[in-house]
Amino acid sequence: MPLEESFHVKTIYSHYDKSAIAALPKAQFDGRIIVIQSVGEARRAVDYLLRAPRVGIDTETRPNFKPGGMNPVSLLQVSTYDTCFLFRLVHLGMPDCIVRLLADTSLQKIGLSLHDDWAQLRRRKDFTPGKYLELQDYVRKLGIEDMSLQKLYANLFSCKISKTQRLSNWDADVLTEAQKRYAATDAWACLRLYDEINHLFSTKDYQLVNTE
């Protein structure tokens, strides 16, 4: 390989060393975050999102520390590249407009562990998921075997996504700024991962290091 091309080759790992993540610079969504708490707001947000080329998607649920217990999903976050909507399902439930978004067959919804998200959301109201892409399946084609969002992001971008808000109270009357930024970052990160995986597929400018 010519020397000038070698500078563009990205090293990725089949398994990323979790202990190395703490030293990485922090990645955080810095776009608009819009909290949705009424059905009217939800309708307008869905109309906006359905005009996007694709969206990142994730959910948050208030943790239950009792064995065997599971709370209904509290938050649905759906992000474009510059705007993330936080649908507070704890207040909204699952209105028809949100079902329309999730069932839409033209808008590509990109997420991680989507099987779990769909199952949680369908506990609120049954629907058939529309067009979507599961990043865990997609990234395996590169030879990466770590499936957590934090490890995938560290592997592909050498940045860390903080998980400090994961077990916070997502049913709180008012979400903190830290909660909102955390939730938006997770959905937005799915878009960035999708684009980077596509880039590596198309350019082949990567080398995989097999690690245990």
# chains A, B, ... in the order shown; residues from 1 in each chain; ligands from 1
>>> closest_atom_pairs(of="segment 6-107 of chain A", to="segment 188-211 of chain A", cutoff="7 Å", atoms="only C-alpha atoms", output="CSV")
residue,atom,partner,partner_atom,distance
A:His8,CA,A:Asp205,CA,6.4
A:Val9,CA,A:Asp205,CA,4.6
A:Lys10,CA,A:Tyr206,CA,4.4
A:Thr11,CA,A:Gln207,CA,5.0
A:Ile12,CA,A:Leu208,CA,5.0
A:Tyr13,CA,A:Val209,CA,4.8
A:Ser14,CA,A:Asn210,CA,5.1
A:His15,CA,A:Thr211,CA,5.6
A:Phe29,CA,A:Trp188,CA,6.7
A:Val55,CA,A:Leu191,CA,6.6
A:Gly56,CA,A:Leu191,CA,5.2
A:Ser79,CA,A:Trp188,CA,5.5
A:Thr80,CA,A:Trp188,CA,6.8
A:Tyr81,CA,A:Trp188,CA,6.5
>>> residues_around(residues="Asp58 of chain A", least_positions_apart="3", cutoff="7 Å", atoms="only C-alpha atoms", output="ChimeraX atom specification")
/A:76-78,111,186-187
>>> write_last_selection(atoms="C-alpha atoms", output="PDB file, in the first residue's frame")
ATOM      1  CA  LEU A  76     -38.371   7.297  23.320  1.00  0.00           C
ATOM      2  CA  GLN A  77     -35.578   9.346  21.786  1.00  0.00           C
ATOM      3  CA  VAL A  78     -35.448   9.850  18.018  1.00  0.00           C
ATOM      4  CA  GLY A 111     -30.618   1.518  16.560  1.00  0.00           C
ATOM      5  CA  ASP A 186     -27.377   7.576  22.514  1.00  0.00           C
ATOM      6  CA  ALA A 187     -29.830   8.063  19.627  1.00  0.00           C
TER       7      ALA A 187
END
>>> closest_residue(among="A:Val46, A:Ala27, A:Leu114, A:Ile21", to="Asp96 of chain A", atoms="only C-alpha atoms")
A:Val46
>>> residues_around(residues="Val90 of chain A", least_positions_apart="3", cutoff="12 Å", atoms="only C-alpha atoms", output="PyMOL selection string")
chain A and resi 36-38+59-62+71-76+86-87+93-95+121+124+169-175
>>> write_last_selection(atoms="C-alpha atoms", output="PDB file, in the first residue's frame")
ATOM      1  CA  ILE A  36     -42.197  16.203  23.844  1.00  0.00           C
ATOM      2  CA  GLN A  37     -44.907  15.935  26.507  1.00  0.00           C
ATOM      3  CA  SER A  38     -48.211  16.496  24.665  1.00  0.00           C
ATOM      4  CA  THR A  59     -35.354   4.131  24.638  1.00  0.00           C
ATOM      5  CA  GLU A  60     -34.904   4.633  28.375  1.00  0.00           C
ATOM      6  CA  THR A  61     -36.763   2.920  31.208  1.00  0.00           C
ATOM      7  CA  ARG A  62     -36.831   3.729  34.916  1.00  0.00           C
ATOM      8  CA  ASN A  71     -41.251  -0.844  34.398  1.00  0.00           C
ATOM      9  CA  PRO A  72     -42.908   0.395  31.201  1.00  0.00           C
ATOM     10  CA  VAL A  73     -40.577   2.243  28.858  1.00  0.00           C
ATOM     11  CA  SER A  74     -40.353   5.881  29.950  1.00  0.00           C
ATOM     12  CA  LEU A  75     -38.695   7.682  27.062  1.00  0.00           C
ATOM     13  CA  LEU A  76     -38.371   7.297  23.320  1.00  0.00           C
ATOM     14  CA  LEU A  86     -37.404  13.104  23.531  1.00  0.00           C
ATOM     15  CA  PHE A  87     -40.905  11.620  23.647  1.00  0.00           C
ATOM     16  CA  GLY A  93     -48.464   6.788  26.453  1.00  0.00           C
ATOM     17  CA  MET A  94     -48.322   5.626  22.827  1.00  0.00           C
ATOM     18  CA  PRO A  95     -50.488   7.956  20.724  1.00  0.00           C
ATOM     19  CA  LEU A 121     -42.541  -0.284  23.198  1.00  0.00           C
ATOM     20  CA  ARG A 124     -47.382   0.015  25.694  1.00  0.00           C
ATOM     21  CA  ASN A 169     -35.123   8.148  37.219  1.00  0.00           C
ATOM     22  CA  TRP A 170     -36.566   8.461  33.710  1.00  0.00           C
ATOM     23  CA  ASP A 171     -40.075   8.947  35.153  1.00  0.00           C
ATOM     24  CA  ALA A 172     -39.102  12.151  36.985  1.00  0.00           C
ATOM     25  CA  ASP A 173     -41.462  15.096  36.535  1.00  0.00           C
ATOM     26  CA  VAL A 174     -38.658  17.082  34.887  1.00  0.00           C
ATOM     27  CA  LEU A 175     -35.636  15.530  33.204  1.00  0.00           C
TER      28      LEU A 175
END
>>> select_by_dssp(residues="segment 31-92 of chain A", states="alpha helix (DSSP H)", output="ChimeraX atom specification")
/A:39-49,89-92
>>> write_last_selection(atoms="N, CA and C atoms", output="tab-separated table (two decimals), in the first residue's frame")
chain	number	residue	atom	x	y	z
A	39	VAL	N	-49.63	15.38	23.05
A	39	VAL	CA	-49.91	14.71	21.78
A	39	VAL	C	-49.75	15.68	20.62
A	40	GLY	N	-50.14	16.94	20.80
A	40	GLY	CA	-49.96	17.93	19.75
A	40	GLY	C	-48.50	18.11	19.39
A	41	GLU	N	-47.64	18.21	20.41
A	41	GLU	CA	-46.21	18.32	20.16
A	41	GLU	C	-45.69	17.07	19.45
A	42	ALA	N	-46.21	15.92	19.87
A	42	ALA	CA	-45.76	14.66	19.27
A	42	ALA	C	-46.12	14.61	17.79
A	43	ARG	N	-47.31	15.06	17.43
A	43	ARG	CA	-47.71	15.05	16.01
A	43	ARG	C	-46.77	15.91	15.18
A	44	ARG	N	-46.46	17.10	15.68
A	44	ARG	CA	-45.58	17.99	14.93
A	44	ARG	C	-44.17	17.41	14.81
A	45	ALA	N	-43.69	16.78	15.89
A	45	ALA	CA	-42.37	16.16	15.86
A	45	ALA	C	-42.32	15.01	14.87
A	46	VAL	N	-43.35	14.20	14.85
A	46	VAL	CA	-43.39	13.06	13.92
A	46	VAL	C	-43.40	13.56	12.48
A	47	ASP	N	-44.19	14.58	12.19
A	47	ASP	CA	-44.21	15.14	10.83
A	47	ASP	C	-42.82	15.62	10.42
A	48	TYR	N	-42.10	16.23	11.35
A	48	TYR	CA	-40.73	16.70	11.08
A	48	TYR	C	-39.81	15.51	10.82
A	49	LEU	N	-39.88	14.50	11.67
A	49	LEU	CA	-38.98	13.36	11.55
A	49	LEU	C	-39.22	12.56	10.28
A	89	LEU	N	-42.93	9.10	27.09
A	89	LEU	CA	-44.03	8.15	27.04
A	89	LEU	C	-44.70	7.98	28.40
A	90	VAL	N	-43.98	8.29	29.46
A	90	VAL	CA	-44.57	8.21	30.79
A	90	VAL	C	-45.75	9.18	30.90
A	91	HIS	N	-45.74	10.26	30.12
A	91	HIS	CA	-46.85	11.21	30.09
A	91	HIS	C	-47.75	10.99	28.88
A	92	LEU	N	-47.16	10.61	27.75
A	92	LEU	CA	-47.90	10.51	26.50
A	92	LEU	C	-48.61	9.18	26.30
>>> residues_around(residues="Ser158 of chain A", least_positions_apart="2", cutoff="10 Å", atoms="only C-alpha atoms", output="number ranges by chain")
A: 12, 20-21, 23-27, 151-156, 160
>>> closest_residue(among="A:Ser162, A:Thr105, A:Gln28, A:Thr185", to="Gly130 of chain A", atoms="only C-alpha atoms")
A:Thr105
>>> residues_around(residues="Asp104 of chain A", least_positions_apart="6", cutoff="9 Å", atoms="only C-alpha atoms", output="NGL selection string")
:A and (50 or 129-131)
>>> write_last_selection(atoms="C-alpha atoms", output="PDB file, in the first residue's frame")
ATOM      1  CA  LEU A  50     -40.752  11.686   8.647  1.00  0.00           C
ATOM      2  CA  PRO A 129     -41.996  -2.064  13.287  1.00  0.00           C
ATOM      3  CA  GLY A 130     -41.427  -0.495   9.875  1.00  0.00           C
ATOM      4  CA  LYS A 131     -38.109   0.032   8.096  1.00  0.00           C
TER       5      LYS A 131
END
>>> atom_distance(atom1="atom CA of Lys125 of chain A", atom2="atom CA of Met70 of chain A")
16.1 Å
>>> residues_around(residues="Glu145 of chain A", least_positions_apart="2", cutoff="9 Å", atoms="only C-alpha atoms", output="ChimeraX atom specification")
/A:13-16,136,139-140,142-143,147
>>> write_last_selection(atoms="C-alpha atoms", output="compact mmCIF listing (two decimals), in the first residue's frame")
# COMPACT_ATOMS: atom_id res chain seq x y z
CA TYR A 13 -10.66 -4.34 17.10
CA SER A 14 -12.78 -7.47 17.29
CA HIS A 15 -12.98 -6.85 21.05
CA TYR A 16 -12.30 -3.41 22.49
CA GLN A 136 -25.40 -5.15 16.01
CA VAL A 139 -21.20 -4.09 12.49
CA ARG A 140 -20.53 -7.83 12.65
CA LEU A 142 -16.61 -5.68 9.85
CA GLY A 143 -15.52 -8.47 12.21
CA MET A 147 -22.04 -5.13 20.78
>>> atom_distance(atom1="atom CA of Ser19 of chain A", atom2="atom CA of Gln150 of chain A")
11.8 Å
>>> closest_residue(among="A:Trp118, A:Asn64, A:Arg54, A:Glu134", to="Ser168 of chain A", atoms="only C-alpha atoms")
A:Asn64
>>> closest_residue(among="A:Thr83, A:Ala22, A:Leu107, A:Tyr132", to="Ala52 of chain A", atoms="only C-alpha atoms")
A:Leu107
